[in-house]
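What follows is the content of work11.cif, which has mmCIF, C-alpha atoms:
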```cif
data_work
#
loop_
_atom_site.group_PDB
_atom_site.id
_atom_site.type_symbol
_atom_site.label_atom_id
_atom_site.label_comp_id
_atom_site.auth_asym_id
_atom_site.auth_seq_id
_atom_site.Cartn_x
_atom_site.Cartn_y
_atom_site.Cartn_z
ATOM 1 C CA HIS A 158 0.000 0.000 0.000
ATOM 2 C CA PRO A 159 1.549 3.333 -0.985
ATOM 3 C CA PHE A 160 2.587 5.888 1.632
ATOM 4 C CA GLU A 161 -0.016 8.671 1.816
ATOM 5 C CA GLY A 162 1.448 10.858 4.539
ATOM 6 C CA THR A 163 0.029 11.150 8.032
ATOM 7 C CA ALA A 164 -2.976 9.015 8.880
ATOM 8 C CA SER A 165 -5.310 11.938 9.480
ATOM 9 C CA ASP A 166 -7.310 11.561 6.232
ATOM 10 C CA LEU A 167 -10.225 9.266 7.086
ATOM 11 C CA SER A 168 -10.815 8.479 3.416
ATOM 12 C CA GLU A 169 -7.630 6.405 3.529
ATOM 13 C CA ARG A 170 -9.625 3.727 5.364
ATOM 14 C CA GLU A 171 -11.379 2.679 2.159
ATOM 15 C CA ARG A 172 -8.088 2.522 0.235
ATOM 16 C CA LEU A 173 -6.481 0.457 3.008
ATOM 17 C CA ALA A 174 -9.444 -1.916 3.019
ATOM 18 C CA ALA A 175 -9.244 -2.216 -0.779
ATOM 19 C CA SER A 176 -5.506 -3.019 -0.608
ATOM 20 C CA LEU A 177 -6.010 -5.602 2.118
ATOM 21 C CA GLY A 178 -9.304 -6.869 0.740
ATOM 22 C CA PRO A 179 -11.136 -10.096 1.485
ATOM 23 C CA GLU A 180 -8.456 -12.317 -0.100
ATOM 24 C CA ASN A 181 -5.230 -10.604 0.997
ATOM 25 C CA LYS A 182 -4.413 -11.156 4.637
ATOM 26 C CA VAL A 183 -0.984 -9.519 4.585
ATOM 27 C CA MET A 184 -0.312 -5.956 3.444
ATOM 28 C CA MET A 185 3.047 -4.222 3.315
ATOM 29 C CA MET A 186 2.645 -0.512 3.949
ATOM 30 C CA GLU A 187 5.384 1.627 2.458
ATOM 31 C CA ASN A 188 7.233 3.568 5.196
ATOM 32 C CA HIS A 189 5.287 1.705 7.913
ATOM 33 C CA GLY A 190 5.579 -2.070 7.685
ATOM 34 C CA PRO A 191 3.178 -4.980 7.613
ATOM 35 C CA ILE A 192 -0.429 -5.352 8.603
ATOM 36 C CA THR A 193 -1.836 -8.843 8.971
ATOM 37 C CA ALA A 194 -5.468 -9.804 9.273
ATOM 38 C CA GLY A 195 -7.202 -13.102 9.795
ATOM 39 C CA TRP A 196 -10.435 -14.725 10.848
ATOM 40 C CA SER A 197 -8.996 -14.750 14.375
ATOM 41 C CA VAL A 198 -6.276 -13.108 16.427
ATOM 42 C CA GLU A 199 -4.410 -16.393 16.267
ATOM 43 C CA GLU A 200 -4.438 -16.462 12.456
ATOM 44 C CA ALA A 201 -3.268 -12.831 12.212
ATOM 45 C CA PHE A 202 -0.489 -13.564 14.725
ATOM 46 C CA VAL A 203 0.753 -16.614 12.801
ATOM 47 C CA LEU A 204 0.737 -14.697 9.515
ATOM 48 C CA HIS A 205 2.718 -11.866 11.112
ATOM 49 C CA TYR A 206 5.159 -14.298 12.721
ATOM 50 C CA LEU A 207 5.744 -16.154 9.445
ATOM 51 C CA LEU A 208 6.154 -12.878 7.542
ATOM 52 C CA THR A 209 8.711 -11.673 10.103
ATOM 53 C CA LEU A 210 10.571 -14.965 9.829
ATOM 54 C CA SER A 211 10.548 -14.764 6.015
ATOM 55 C CA CYS A 212 11.838 -11.198 6.048
ATOM 56 C CA SER A 213 14.660 -12.068 8.432
ATOM 57 C CA TRP A 214 15.795 -14.912 6.135
ATOM 58 C CA GLN A 215 15.569 -12.598 3.125
ATOM 59 C CA ILE A 216 17.811 -10.079 4.871
ATOM 60 C CA LYS A 217 20.319 -12.829 5.724
ATOM 61 C CA ALA A 218 20.328 -14.068 2.109
ATOM 62 C CA MET A 219 20.822 -10.546 0.766
ATOM 63 C CA ALA A 220 23.649 -9.927 3.239
ATOM 64 C CA ALA A 221 25.330 -13.178 2.183
ATOM 65 C CA ALA A 222 25.188 -11.970 -1.434
ATOM 66 C CA GLY A 223 26.591 -8.596 -0.427
ATOM 67 C CA GLY A 224 23.312 -6.969 -1.434
ATOM 68 C CA ASP A 225 23.924 -7.959 -5.068
ATOM 69 C CA LEU A 226 20.616 -9.415 -6.280
ATOM 70 C CA SER A 227 22.309 -10.734 -9.434
ATOM 71 C CA LYS A 228 24.051 -13.287 -7.174
ATOM 72 C CA MET A 229 20.697 -14.530 -5.884
ATOM 73 C CA ARG A 230 18.199 -16.764 -7.583
ATOM 74 C CA VAL A 231 14.961 -14.820 -7.591
ATOM 75 C CA PRO A 232 11.925 -16.820 -8.794
ATOM 76 C CA SER A 233 10.326 -15.669 -12.050
ATOM 77 C CA GLY A 234 6.774 -14.388 -12.138
ATOM 78 C CA GLU A 235 5.694 -17.699 -13.640
ATOM 79 C CA GLU A 236 7.340 -19.658 -10.808
ATOM 80 C CA LEU A 237 5.707 -17.401 -8.229
ATOM 81 C CA ASP A 238 2.322 -17.957 -9.883
ATOM 82 C CA ARG A 239 2.816 -21.747 -9.701
ATOM 83 C CA MET A 240 3.826 -21.551 -6.014
ATOM 84 C CA TYR A 241 0.795 -19.373 -5.277
ATOM 85 C CA GLN A 242 -1.491 -21.827 -7.072
ATOM 86 C CA ARG A 243 -0.052 -24.788 -5.133
ATOM 87 C CA ALA A 244 -0.588 -22.931 -1.858
ATOM 88 C CA ARG A 245 -4.210 -22.116 -2.791
ATOM 89 C CA GLU A 246 -4.820 -25.756 -3.738
ATOM 90 C CA ALA A 247 -3.392 -26.907 -0.412
ATOM 91 C CA VAL A 248 -5.763 -24.619 1.462
ATOM 92 C CA ASN A 249 -8.795 -25.672 -0.583
ATOM 93 C CA ARG A 250 -8.041 -29.389 -0.942
ATOM 94 C CA GLU A 251 -10.298 -32.151 0.263
ATOM 95 C CA HIS A 252 -9.380 -33.518 3.666
ATOM 96 C CA ASP A 253 -8.031 -37.055 3.723
ATOM 97 C CA GLU A 254 -8.449 -39.559 6.565
ATOM 98 C CA HIS A 255 -5.368 -38.236 8.392
ATOM 99 C CA ASP A 256 -6.763 -34.676 8.300
ATOM 100 C CA LYS A 257 -10.181 -35.801 9.492
ATOM 101 C CA LYS A 258 -8.589 -37.692 12.383
ATOM 102 C CA HIS A 259 -6.754 -34.514 13.486
ATOM 103 C CA GLU A 260 -9.455 -31.911 12.698
ATOM 104 C CA GLN A 261 -9.346 -30.473 16.198
ATOM 105 C CA TYR A 262 -5.654 -29.562 15.876
ATOM 106 C CA SER A 263 -4.922 -26.012 14.775
ATOM 107 C CA GLU A 264 -1.272 -25.190 14.190
ATOM 108 C CA GLY A 265 -2.035 -21.472 14.351
ATOM 109 C CA LEU A 266 -3.842 -21.815 17.655
ATOM 110 C CA GLU A 267 -1.001 -23.879 19.122
ATOM 111 C CA MET A 268 1.573 -21.273 17.956
ATOM 112 C CA TRP A 269 -0.564 -18.550 19.574
ATOM 113 C CA LYS A 270 -0.784 -20.465 22.867
ATOM 114 C CA ALA A 271 2.990 -20.996 22.864
ATOM 115 C CA ALA A 272 3.599 -17.265 22.292
ATOM 116 C CA VAL A 273 1.205 -16.377 25.125
ATOM 117 C CA ARG A 274 3.050 -18.780 27.451
ATOM 118 C CA LEU A 275 6.396 -17.192 26.551
ATOM 119 C CA VAL A 276 5.113 -13.670 27.236
ATOM 120 C CA GLU A 277 3.475 -14.725 30.498
ATOM 121 C CA GLU A 278 6.662 -16.471 31.607
ATOM 122 C CA LYS A 279 8.823 -13.459 30.773
ATOM 123 C CA HIS A 280 6.589 -10.671 32.118
ATOM 124 C CA GLY A 281 4.302 -12.403 34.617
ATOM 125 C CA HIS A 282 0.528 -12.365 34.810
ATOM 126 C CA ALA A 283 0.373 -9.291 37.044
ATOM 127 C CA ASP A 284 2.184 -7.099 34.497
ATOM 128 C CA ILE A 285 0.185 -8.326 31.485
ATOM 129 C CA TYR A 286 -3.434 -8.686 32.509
ATOM 130 C CA CYS A 287 -5.517 -5.953 34.116
#
```

Would you write out, as structure tokens, the structure that this file holds?
Amino acid sequence: HPFEGTASDLSERERLAASLGPENKVMMMENHGPITAGWSVEEAFVLHYLLTLSCSWQIKAMAAAGGDLSKMRVPSGEELDRMYQRAREAVNREHDEHDKKHEQYSEGLEMWKAAVRLVEEKHGHADIYC
């Protein structure tokens, strides 16, 4: 989403919503950083965590190449389209017997619970919850 200056123009809300949209759950805001959205706090957290992890590995790869992108293998637009399609198919695929057996398990929820435990352990209940 392009940088539009200070966030005092309320009409920017519609443009932000259009950039994020019903399909896009991650939005990179120029000069600000990422926004993640999901059907739950847990989903938004996991998306943000995975994006942060991806960005940190990208920075490490770029540093290893001395910032010279010609030394890196960057996927073509066609390859990115194929990866995107595979990811969409994985999300929309029929569940097999293994999936049905483990329907109650939510990786995102478990990651969220683990993060909450880490914060509670580090800062204590009294300093987190009102």

Subject >> Atom-to-atom span, atom CA of A:Val183 and atom CA of A:Tyr206, Å >> reply: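 A separation of 11.3 Å between them.
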
**OP:** Report the residues retrieved by the PyMOL selection byres ((chain A and resi 203) around 12) from the displayed file, expressed as a ChimeraX atom specification.
**Re:** /A:182-183,193-202,204-210,263-272

Original post:
How many Å separate atom CA of A:Leu173 from atom CA of A:Gly190?
Top reply: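 These two atoms are separated by 13.2 Å.
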
**OP:** Extract, using only C-alpha atoms, all DNA, RNA and protein residues at most 12 Å from stretch 230-234 of chain A, discarding same-chain residues fewer than 6 positions from it, and format them as a list in words.
**Re:**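 My reading of the contact set: Gln215, Ala218, Met219, Ala222, Met240 and Tyr241 of chain A.
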
Selected residues, C-alpha atoms, written as a PDB file, keeping the file's coordinate frame, please.
```pdb
ATOM      1  CA  GLN A 215      15.569 -12.598   3.125  1.00  0.00           C
ATOM      2  CA  ALA A 218      20.328 -14.068   2.109  1.00  0.00           C
ATOM      3  CA  MET A 219      20.822 -10.546   0.766  1.00  0.00           C
ATOM      4  CA  ALA A 222      25.188 -11.970  -1.434  1.00  0.00           C
ATOM      5  CA  MET A 240       3.826 -21.551  -6.014  1.00  0.00           C
ATOM      6  CA  TYR A 241       0.795 -19.373  -5.277  1.00  0.00           C
TER       7      TYR A 241
END
```

Original post:
For this file, the PyMOL selection byres ((chain A and resi 158) around 7) selects which residues, as a count of residues only?
Top reply: 7

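Counting from atom CA of A:Lys228, the distance to atom CA of A:Ile216 is 13.9 Å.
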
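Across A:Asp166, A:Asp238, A:Ile192, A:Ser227, the tightest approach to A:Gly178 is made by A:Ile192 when counting only C-alpha atoms.
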